[in-house]
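What follows is the content of start_25.csv (CSV, C-alpha atoms).
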chain,number,residue,atom,x,y,z
F,95,MET,CA,-27.4,-36.1,6.7
F,96,SER,CA,-25.0,-35.9,3.7
F,97,THR,CA,-21.6,-37.6,3.7
F,98,LEU,CA,-18.2,-36.4,2.8
F,99,GLU,CA,-15.9,-38.6,0.7
F,100,VAL,CA,-12.5,-38.4,2.2
F,101,LYS,CA,-9.2,-39.8,0.7
F,102,VAL,CA,-6.5,-40.1,3.4
F,103,TRP,CA,-2.9,-41.0,2.8
F,104,ARG,CA,-2.0,-44.4,4.4
F,105,GLY,CA,1.5,-45.8,4.8
F,106,GLY,CA,4.9,-44.2,4.8
F,107,GLU,CA,6.9,-42.8,1.9
F,108,GLU,CA,5.3,-45.6,-0.1
F,109,GLY,CA,1.5,-46.0,0.4
F,110,GLU,CA,-1.8,-45.1,-1.1
F,111,PHE,CA,-4.9,-43.0,-0.5
F,112,GLN,CA,-7.7,-44.8,1.4
F,113,ARG,CA,-11.3,-43.8,1.0
F,114,PHE,CA,-13.6,-43.1,3.9
F,115,GLU,CA,-17.2,-41.8,4.2
F,116,VAL,CA,-17.6,-39.2,7.0
F,117,PRO,CA,-20.8,-37.6,8.1
F,118,ARG,CA,-21.0,-34.0,6.9
F,119,LEU,CA,-21.6,-31.6,9.8
F,120,GLU,CA,-22.0,-27.9,10.1
F,121,SER,CA,-18.9,-25.8,10.9
F,122,GLN,CA,-16.8,-29.0,10.6
F,123,THR,CA,-13.1,-28.6,10.4
F,124,VAL,CA,-10.7,-30.9,8.6
F,125,LEU,CA,-9.3,-32.0,11.9
F,126,ASP,CA,-12.8,-33.0,13.0
F,127,VAL,CA,-12.9,-35.2,9.9
F,128,VAL,CA,-9.6,-36.9,10.6
F,129,THR,CA,-10.5,-37.4,14.3
F,130,HIS,CA,-13.9,-38.9,13.2
F,131,ILE,CA,-12.0,-41.4,11.0
F,132,GLN,CA,-9.7,-42.5,13.8
F,133,ARG,CA,-12.3,-42.7,16.5
F,134,HIS,CA,-15.1,-44.4,14.5
F,135,LEU,CA,-13.7,-45.9,11.3
F,136,ASP,CA,-10.1,-46.9,11.7
F,137,PRO,CA,-8.2,-46.6,15.0
F,138,THR,CA,-4.9,-47.3,13.3
F,139,LEU,CA,-4.9,-43.9,11.5
F,140,SER,CA,-1.9,-41.8,12.8
F,141,TYR,CA,-2.0,-38.0,12.9
F,142,ARG,CA,-0.8,-35.2,15.1
F,143,PHE,CA,-2.7,-32.5,16.9
F,144,ALA,CA,-2.7,-30.8,20.3
F,145,CYS,CA,-4.4,-27.5,20.9
F,146,ARG,CA,-7.2,-27.6,18.2
F,147,VAL,CA,-7.2,-23.8,18.2
F,148,GLY,CA,-4.3,-22.7,16.0
F,149,MET,CA,-1.7,-22.2,18.7
F,150,CYS,CA,0.5,-25.3,18.7
F,151,GLY,CA,1.3,-25.7,15.0
F,152,SER,CA,1.2,-29.5,15.1
F,153,CYS,CA,-1.8,-30.4,12.9
F,154,ALA,CA,-0.6,-29.1,9.6
F,155,MET,CA,-1.4,-31.4,6.6
F,156,VAL,CA,-1.8,-31.1,2.9
F,157,VAL,CA,-5.6,-30.7,2.3
F,158,ASN,CA,-6.7,-30.8,-1.4
F,159,GLY,CA,-3.1,-30.0,-2.5
F,160,ARG,CA,-2.4,-27.2,-0.1
F,161,ALA,CA,-0.6,-27.2,3.2
F,162,ARG,CA,-2.9,-25.9,6.0
F,163,TRP,CA,-3.6,-26.1,9.7
F,164,THR,CA,-6.4,-28.7,9.8
F,165,CYS,CA,-7.8,-27.3,13.0
F,166,ARG,CA,-8.5,-23.9,11.6
F,167,THR,CA,-9.7,-25.0,8.1
F,168,HIS,CA,-13.4,-25.5,7.7
F,169,VAL,CA,-14.4,-28.3,5.3
F,170,ALA,CA,-16.8,-25.9,3.6
F,171,ASP,CA,-13.9,-23.6,2.7
F,172,VAL,CA,-11.8,-26.2,0.9
F,173,THR,CA,-14.2,-28.6,-0.8
F,174,ASP,CA,-15.6,-28.5,-4.2
F,175,GLY,CA,-18.7,-30.5,-3.5
F,176,ASP,CA,-18.3,-33.3,-1.0
F,177,SER,CA,-14.8,-34.6,-1.3
F,178,LEU,CA,-11.5,-34.1,0.5
F,179,GLU,CA,-8.0,-35.3,0.0
F,180,ILE,CA,-5.8,-35.3,3.1
F,181,ALA,CA,-2.0,-36.0,2.9
F,182,PRO,CA,1.0,-35.5,5.1
F,183,LEU,CA,3.1,-32.3,4.7
F,184,LYS,CA,5.4,-32.3,1.7
F,185,ASN,CA,9.2,-32.0,1.7
F,186,LEU,CA,9.4,-34.0,5.0
F,187,PRO,CA,9.9,-37.8,5.4
F,188,VAL,CA,6.6,-39.5,6.2
F,189,ILE,CA,6.7,-41.6,9.3
F,190,LYS,CA,3.2,-43.1,9.0
F,191,ASP,CA,-0.1,-41.9,7.5
F,192,LEU,CA,-0.4,-38.1,8.2
F,193,VAL,CA,2.6,-37.9,10.5
F,194,THR,CA,5.9,-36.5,9.2
F,195,ASP,CA,9.4,-36.5,10.6
F,196,MET,CA,9.9,-32.8,11.5
F,197,ARG,CA,13.6,-33.3,12.4
F,198,ASP,CA,15.1,-31.7,9.2
F,199,PHE,CA,12.8,-28.7,9.6
F,200,PHE,CA,13.9,-28.0,13.2
F,201,ASP,CA,17.5,-28.9,12.6
F,202,LYS,CA,17.6,-26.2,9.9
F,203,TRP,CA,16.4,-23.6,12.5
F,204,ALA,CA,19.4,-24.6,14.5
F,205,ALA,CA,21.7,-24.5,11.4
F,206,ALA,CA,20.4,-21.0,10.6
F,207,GLN,CA,21.6,-19.9,14.0
F,208,GLY,CA,18.1,-19.7,15.3
F,209,GLN,CA,19.3,-19.6,18.9
F,210,PHE,CA,19.4,-16.4,20.9
F,211,HIS,CA,23.0,-15.4,21.7
F,212,PRO,CA,22.9,-13.0,24.7
F,213,THR,CA,25.4,-10.2,25.1
F,214,THR,CA,24.6,-9.5,28.8
F,215,THR,CA,24.2,-11.6,31.9
F,216,ARG,CA,21.3,-11.7,34.5
F,217,LYS,CA,23.3,-9.3,36.6
F,218,ASP,CA,22.9,-6.6,34.0
F,219,ASP,CA,20.0,-4.2,33.7
F,220,PHE,CA,17.1,-4.9,31.3
F,221,ALA,CA,17.7,-4.0,27.7
F,222,ARG,CA,15.6,-1.2,26.5
F,223,VAL,CA,14.1,-1.7,23.0
F,224,GLU,CA,11.9,1.0,21.7
F,225,PRO,CA,8.7,-0.6,20.3
F,226,GLU,CA,8.7,1.9,17.4
F,227,SER,CA,12.3,1.3,16.4
F,228,PRO,CA,12.8,-0.1,12.9
F,229,GLU,CA,14.6,-3.2,14.3
F,230,ARG,CA,11.8,-4.0,16.7
F,231,GLN,CA,9.2,-3.5,13.9
F,232,GLN,CA,11.0,-6.1,11.8
F,233,VAL,CA,11.0,-8.5,14.7
F,234,ASP,CA,7.3,-7.9,15.3
F,235,ALA,CA,6.6,-8.8,11.7
F,236,GLY,CA,8.0,-12.3,12.0
F,237,ILE,CA,8.1,-13.3,15.7
F,238,GLU,CA,4.6,-15.0,15.8
F,239,CYS,CA,5.8,-18.0,13.9
F,240,ILE,CA,4.8,-21.2,15.7
F,241,GLY,CA,6.9,-23.6,13.6
F,242,CYS,CA,4.0,-25.5,11.9
F,243,GLY,CA,5.9,-26.3,8.8
F,244,VAL,CA,3.2,-25.1,6.3
F,245,CYS,CA,5.7,-22.7,4.6
F,246,TYR,CA,8.4,-25.5,4.4
F,247,SER,CA,5.9,-27.9,2.9
F,248,SER,CA,4.8,-25.3,0.3
F,249,CYS,CA,8.3,-24.1,-0.7
F,250,ASP,CA,9.4,-25.2,-4.2
F,251,VAL,CA,13.1,-24.4,-3.5
F,252,VAL,CA,13.1,-26.9,-0.6
F,253,SER,CA,11.7,-29.6,-3.0
F,254,TRP,CA,14.5,-28.8,-5.5
F,255,ASN,CA,17.3,-28.5,-3.0
F,256,PRO,CA,17.1,-30.6,0.2
F,257,GLU,CA,19.9,-28.5,1.7
F,258,TYR,CA,17.9,-25.3,1.5
F,259,LEU,CA,17.2,-23.9,4.9
F,260,GLY,CA,13.6,-23.0,4.1
F,261,PRO,CA,11.3,-20.0,4.9
F,262,ALA,CA,10.7,-20.6,8.7
F,263,ALA,CA,14.3,-21.0,9.7
F,264,MET,CA,15.3,-17.9,7.8
F,265,ASN,CA,12.4,-15.9,9.2
F,266,ARG,CA,13.7,-16.9,12.6
F,267,ALA,CA,17.2,-15.8,11.7
F,268,TRP,CA,15.9,-12.4,10.5
F,269,THR,CA,14.0,-11.8,13.7
F,270,LEU,CA,17.3,-12.5,15.7
F,271,LEU,CA,19.3,-10.4,13.3
F,272,ASN,CA,17.1,-7.5,14.2
F,273,ASP,CA,17.3,-8.3,17.9
F,274,VAL,CA,19.6,-5.6,19.3
F,275,ARG,CA,20.4,-7.7,22.3
F,276,ASP,CA,21.8,-10.6,20.2
F,277,GLY,CA,25.6,-10.9,19.6
F,278,ALA,CA,26.0,-13.5,16.9
F,279,ASN,CA,24.9,-11.8,13.7
F,280,GLU,CA,28.1,-12.4,11.8
F,281,GLU,CA,27.9,-16.1,12.4
F,282,ARG,CA,24.2,-16.0,11.6
F,283,LEU,CA,24.7,-14.2,8.3
F,284,ALA,CA,27.4,-16.7,7.3
F,285,ALA,CA,25.0,-19.5,8.2
F,286,VAL,CA,22.1,-18.2,6.1
F,287,ALA,CA,23.9,-16.8,3.0
F,288,GLY,CA,24.6,-18.5,-0.2
F,289,ASP,CA,23.3,-21.4,-2.3
F,290,ALA,CA,21.6,-23.3,0.5
F,291,GLY,CA,20.3,-20.1,2.2
F,292,CYS,CA,18.6,-16.9,1.4
F,293,HIS,CA,20.3,-16.3,-2.0
F,294,ALA,CA,18.6,-19.5,-3.4
F,295,CYS,CA,15.1,-18.0,-2.8
F,296,HIS,CA,13.2,-17.5,-6.0
F,297,THR,CA,10.7,-15.1,-4.4
F,298,HIS,CA,7.7,-17.3,-5.5
F,299,MET,CA,6.1,-16.1,-2.2
F,300,THR,CA,4.2,-19.4,-1.7
F,301,CYS,CA,5.4,-19.3,1.9
F,302,THR,CA,4.0,-15.8,2.4
F,303,GLU,CA,0.7,-16.7,0.7
F,304,ARG,CA,0.1,-19.9,2.8
F,305,CYS,CA,1.4,-18.8,6.2
F,306,PRO,CA,-1.5,-19.2,8.6
F,307,LYS,CA,-0.1,-16.4,10.7
F,308,GLN,CA,0.2,-14.0,7.8
F,309,ILE,CA,3.9,-13.7,8.2
F,310,SER,CA,6.0,-12.9,5.2
F,311,PRO,CA,9.1,-15.1,5.2
F,312,THR,CA,9.8,-13.7,1.7
F,313,ALA,CA,10.4,-10.2,3.2
F,314,ALA,CA,12.6,-11.7,5.9
F,315,ILE,CA,14.7,-13.6,3.3
F,316,ALA,CA,15.0,-10.4,1.2
F,317,GLY,CA,16.3,-8.6,4.3
F,318,LEU,CA,18.8,-11.4,4.8
F,319,LYS,CA,20.0,-11.1,1.2
F,320,ARG,CA,20.7,-7.4,1.6
F,321,ALA,CA,22.3,-7.8,5.0
F,322,ALA,CA,24.5,-10.7,3.7
F,323,LEU,CA,25.6,-8.7,0.7
F,324,LYS,CA,26.5,-5.7,2.9
F,325,ALA,CA,28.5,-8.0,5.2
F,326,ALA,CA,30.3,-9.5,2.2
F,327,LEU,CA,31.3,-6.1,0.9
F,328,LYS,CA,32.6,-5.2,4.3
F,329,GLY,CA,34.7,-8.4,4.4
F,330,LYS,CA,32.6,-9.8,7.3
F,331,LEU,CA,31.3,-12.9,5.5
M,227,MET,CA,32.9,-22.2,-3.6
M,228,SER,CA,33.0,-19.9,-0.6
M,229,THR,CA,29.8,-18.4,0.8
M,230,ARG,CA,31.1,-15.0,0.0
M,231,SER,CA,31.6,-16.0,-3.7
M,232,GLN,CA,28.0,-17.3,-3.8
M,233,VAL,CA,26.7,-14.0,-2.5
M,234,TYR,CA,28.8,-12.1,-5.1
M,235,LEU,CA,27.4,-14.4,-7.8
M,236,TRP,CA,23.9,-13.5,-6.6
M,237,ALA,CA,24.7,-9.8,-6.7
M,238,ALA,CA,26.3,-10.1,-10.1
M,239,GLN,CA,23.1,-11.6,-11.5
M,240,ARG,CA,20.9,-8.9,-10.0
M,241,LEU,CA,23.2,-6.1,-11.3
M,242,SER,CA,23.5,-7.7,-14.7
M,243,ALA,CA,19.6,-8.0,-14.8
M,244,MET,CA,19.3,-4.3,-14.2
M,245,VAL,CA,21.7,-3.6,-17.1
M,246,LEU,CA,19.9,-6.1,-19.3
M,247,ALA,CA,16.5,-4.5,-18.6
M,248,LEU,CA,17.8,-1.2,-20.0
M,249,CYS,CA,19.8,-2.8,-22.9
M,250,VAL,CA,16.8,-4.9,-24.1
M,251,VAL,CA,14.5,-1.9,-24.2
M,252,VAL,CA,17.0,0.1,-26.2
M,253,HIS,CA,17.6,-2.9,-28.5
M,254,LEU,CA,13.9,-3.4,-29.1
M,255,ILE,CA,13.2,0.2,-29.8
M,256,THR,CA,16.2,0.3,-32.2
M,257,LEU,CA,14.9,-2.9,-33.9
M,258,ILE,CA,11.4,-1.5,-34.4
M,259,TYR,CA,12.9,1.8,-35.7
M,260,ALA,CA,15.4,0.0,-38.0
M,261,VAL,CA,12.8,-2.2,-39.9
M,262,ARG,CA,10.4,0.6,-40.7
M,263,GLY,CA,11.4,0.9,-44.3
M,264,GLY,CA,12.4,-2.8,-44.7
M,265,LEU,CA,15.5,-4.5,-43.4
M,266,SER,CA,18.8,-4.7,-45.2
M,267,ALA,CA,22.3,-5.6,-44.1
M,268,ALA,CA,23.7,-2.5,-45.7
M,269,GLU,CA,21.4,-0.3,-43.6
M,270,ILE,CA,22.4,-2.0,-40.4
M,271,LEU,CA,26.1,-1.9,-41.2
M,272,GLY,CA,25.7,1.7,-42.2
M,273,ARG,CA,24.5,2.5,-38.7
M,274,THR,CA,26.9,0.4,-36.8
M,275,GLN,CA,30.2,0.4,-38.7
M,276,GLY,CA,32.7,2.7,-37.0
M,277,SER,CA,30.3,3.7,-34.3
M,278,ALA,CA,31.9,3.9,-30.9
M,279,VAL,CA,28.5,4.4,-29.3
M,280,TRP,CA,27.0,1.2,-30.7
M,281,ALA,CA,30.2,-0.7,-30.1
M,282,ALA,CA,30.1,0.3,-26.4
M,283,PHE,CA,26.4,-0.4,-26.1
M,284,TYR,CA,26.5,-3.9,-27.6
M,285,THR,CA,29.7,-4.8,-25.7
M,286,VAL,CA,28.0,-3.9,-22.4
M,287,PHE,CA,24.9,-5.9,-23.6
M,288,VAL,CA,27.0,-9.0,-24.4
M,289,LEU,CA,29.0,-8.9,-21.2
M,290,ALA,CA,25.8,-8.5,-19.1
M,291,VAL,CA,24.4,-11.6,-20.9
M,292,ALA,CA,27.6,-13.5,-20.3
M,293,ILE,CA,27.3,-12.8,-16.6
M,294,HIS,CA,23.5,-13.1,-16.2
M,295,ALA,CA,22.7,-16.3,-18.1
M,296,PRO,CA,25.4,-18.6,-16.7
M,297,VAL,CA,24.6,-17.7,-13.1
M,298,GLY,CA,21.0,-18.5,-13.8
M,299,LEU,CA,22.0,-21.7,-15.6
M,300,ARG,CA,24.0,-22.7,-12.5
M,301,ALA,CA,20.9,-22.5,-10.3
M,302,ILE,CA,18.7,-24.3,-12.9
M,303,LEU,CA,21.2,-27.2,-13.3
M,304,ALA,CA,21.5,-27.5,-9.5
M,305,GLU,CA,17.8,-27.4,-8.8
M,306,THR,CA,16.6,-29.5,-11.8
M,307,PHE,CA,19.3,-32.2,-11.9
M,308,GLY,CA,20.9,-31.9,-8.4
M,309,TRP,CA,24.2,-31.1,-10.0
M,310,ARG,CA,26.4,-29.2,-7.6
M,311,GLY,CA,30.1,-28.7,-6.9
M,312,GLY,CA,33.3,-27.9,-8.8
M,313,LEU,CA,32.4,-29.4,-12.2
M,314,LEU,CA,29.2,-27.4,-12.3
M,315,ASN,CA,31.1,-24.2,-11.6
M,316,ILE,CA,33.7,-25.0,-14.3
M,317,THR,CA,30.9,-25.8,-16.8
M,318,VAL,CA,29.0,-22.6,-16.3
M,319,ALA,CA,32.2,-20.6,-16.4
M,320,ALA,CA,32.9,-22.2,-19.8
M,321,VAL,CA,29.4,-21.2,-20.9
M,322,ALA,CA,30.1,-17.6,-19.7
M,323,LEU,CA,33.3,-17.5,-21.7
M,324,LEU,CA,31.6,-19.0,-24.8
M,325,ILE,CA,28.8,-16.4,-24.7
M,326,ALA,CA,31.3,-13.6,-24.2
M,327,VAL,CA,33.5,-14.8,-27.1
M,328,LEU,CA,30.7,-15.4,-29.6
M,329,GLY,CA,28.9,-12.2,-28.6
M,330,LEU,CA,31.9,-10.0,-28.8
M,331,ARG,CA,32.8,-11.6,-32.1
M,332,ALA,CA,29.4,-10.7,-33.4
M,333,VAL,CA,29.8,-7.1,-32.1
M,334,TRP,CA,33.1,-6.9,-33.9
M,335,ALA,CA,31.6,-8.1,-37.1
M,336,VAL,CA,29.1,-5.2,-37.3
M,337,ILE,CA,31.3,-2.5,-35.9
M,338,ALA,CA,34.7,-3.0,-37.6
In structure tokens, how does this file's structure come out?
Amino acid sequence: MSTLEVKVWRGGEEGEFQRFEVPRLESQTVLDVVTHIQRHLDPTLSYRFACRVGMCGSCAMVVNGRARWTCRTHVADVTDGDSLEIAPLKNLPVIKDLVTDMRDFFDKWAAAQGQFHPTTTRKDDFARVEPESPERQQVDAGIECIGCGVCYSSCDVVSWNPEYLGPAAMNRAWTLLNDVRDGANEERLAAVAGDAGCHACHTHMTCTERCPKQISPTAAIAGLKRAALKAALKGKL
Amino acid sequence: MSTRSQVYLWAAQRLSAMVLALCVVVHLITLIYAVRGGLSAAEILGRTQGSAVWAAFYTVFVLAVAIHAPVGLRAILAETFGWRGGLLNITVAAVALLIAVLGLRAVWAVIA
């Protein structure tokens, strides 16, 4: 049986890579490798996972330099030979080993007005939204985000400007901006416009390239840029 | 700076980029055409002096640069050095003014 040489980040913000040798198995995922290390080689290794099938978004890490879901990444797809380097997500404070503090990431969803603001009560009739309407199509394009943080970890603008809201929060804002039932779009546009929001995006499209759900936050951010400019010209920003 | 002003800066940079794309193409074509038979100051001045069309073209060109470059510089300084706030805005406004003055002075030199 061949072995895999794995370098895993140990420590917090300060730390170093530790080397492990892990048996190489067929159809092995990166999460399998991390789990093997914790169960058989070093029980003090910290990492996050839950569903193991790409639904929960908790196991994202930087594997060989790229942020990915470890549960849906086969070792064979990311290794050159028999070595792996596994690090915590970038652009987030490291708590320990492969675990990051996701607070900034989710606080920015809230700052981008990522909450639904209803315009009706439970006593009103159901809202009717045509599946083929342009607004609903825009919502469909972005609604499957599970908040894994891969885009946020991959975004250069976040690394240059810690205040920048990031791709996921603005993708969420865009889906709500297109939700015809929502009543807080003026506040939302004010929250996502400007230097710390959509207008700071450089359209590098790394978020779009690396999103495991094939969502395009870049398209959402471009939509927000246009909507915010329209609002500004109408004096509503 | 207000959010609305930040959005207008973004729009100004996009619009000036569109103007610049056109201006640079015209400028390059003119440049290639102008040096066909060798380059001389007399030939250039012969074409530009007293020409309202070239005066208008290069004035637009200079003003587009004076808008486009400082807005970009503002983002570069903020992202590279973490420099934000009032002093940054004053600095890039000064750069905008400098580019406009030097550029318009150069236009005047070949037109008048």
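Among the candidates M:Ile270, M:Gly264, M:Leu241, M:Leu235, the residue lying nearest to M:Ala319 is M:Leu235 (atoms considered: all atoms listed in the file).
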Residues of chain M within 10 Å of chain F, counting all atoms listed in the file - could you list those as a PyMOL selection string? chain M and resi 227-237+301-302+304-308+310
Do you know which residues are at most 10 Å from stretch 250-259 of chain M counting only C-alpha atoms, after dropping those on the same chain fewer than 4 positions away, and could you put them as a PyMOL selection string? chain M and resi 245-246+263+265+270+283-284+287
At a cut-off of 10 Å, using all atoms listed in the file, what residues contact F:Val157? Leave out same-chain residues fewer than 2 positions from it and give the result as a VMD selection string. chain F and resid 101 to 102 124 154 to 155 159 to 164 167 169 172 to 173 178 to 183
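Rounded to one decimal, atom CA of F:Val193 and atom CA of F:Gly243 lie 12.2 Å from each other.
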Could you give me, as a PyMOL selection string, the residues within 9 Å of F:Gln209, counting all atoms listed in the file and dropping anything in the same chain fewer than 5 positions from it? chain F and resi 203-204+266-267+270
For F:Glu99, list every protein, DNA or RNA residue within 8 Å, evaluated using all atoms listed in the file, and leave out those in the same chain fewer than 2 positions away; present the list as a tab-separated table (two decimals) with C-alpha atoms, keeping the file's coordinate frame.
chain	number	residue	atom	x	y	z
F	97	THR	CA	-21.60	-37.60	3.70
F	101	LYS	CA	-9.20	-39.80	0.70
F	113	ARG	CA	-11.30	-43.80	1.00
F	114	PHE	CA	-13.60	-43.10	3.90
F	115	GLU	CA	-17.20	-41.80	4.20
F	116	VAL	CA	-17.60	-39.20	7.00
F	176	ASP	CA	-18.30	-33.30	-1.00
F	177	SER	CA	-14.80	-34.60	-1.30
F	178	LEU	CA	-11.50	-34.10	0.50
Minimum-distance residue to F:Gly175, chosen among F:Arg118, F:His211, F:Arg230, F:Arg142 (using only C-alpha atoms): F:Arg118
Report, in Å to a single decimal, how far apart atom CA of M:Ala335 and atom CA of M:Ser277 are.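 Taking atom CA of M:Ser277 as the start and atom CA of M:Ala335 as the end point, the length is 12.2 Å.
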From M:Arg273, M:Leu248, M:Arg262, M:Val279, residue lying nearest M:Val336 [all atoms listed in the file]: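 Smallest distance to M:Val336 is found for M:Arg273.
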I want to know what sits within 7 Å of M:Gly276, based on only C-alpha atoms, with residues of the same chain fewer than 2 positions away left out; could you give that as a VMD selection string? chain M and resid 274 278 337 to 338
Output for the residues just chosen: C-alpha atoms as a CSV table (one decimal), keeping the file's coordinate frame:
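Final output, saved to result_9.csv:
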chain,number,residue,atom,x,y,z
M,274,THR,CA,26.9,0.4,-36.8
M,278,ALA,CA,31.9,3.9,-30.9
M,337,ILE,CA,31.3,-2.5,-35.9
M,338,ALA,CA,34.7,-3.0,-37.6
Show me the residues around (20.2, -16.2, 22.2) - criterion: an atom at most 10 Å away, only C-alpha atoms counted - as a ChimeraX atom specification. /F:207-213,270,273,275-278
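Shortest separation to F:Pro187 among F:Leu139, F:Ala262, F:Glu238, F:Glu108 occurs at residue F:Glu108, atoms counted being all atoms listed in the file.
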Using only C-alpha atoms, find the one residue out of F:Met95, F:Ala206, F:Val274, F:Ala170 that sits nearest to F:Glu257.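 Answer, going by the shortest atom-to-atom distance: F:Ala206.
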I'd like to know which of F:Ala321, F:Met299, F:Leu98, F:Cys305 is closest to F:Asp174, using all atoms listed in the file.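 When distances to F:Asp174 are compared using all atoms listed in the file, the smallest one comes from F:Leu98.
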How many Å lie between atom CA of F:Asp198 and atom CA of F:Gln308, rounded to one decimal?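 Going from atom CA of F:Asp198 over to atom CA of F:Gln308, I get 23.2 Å.
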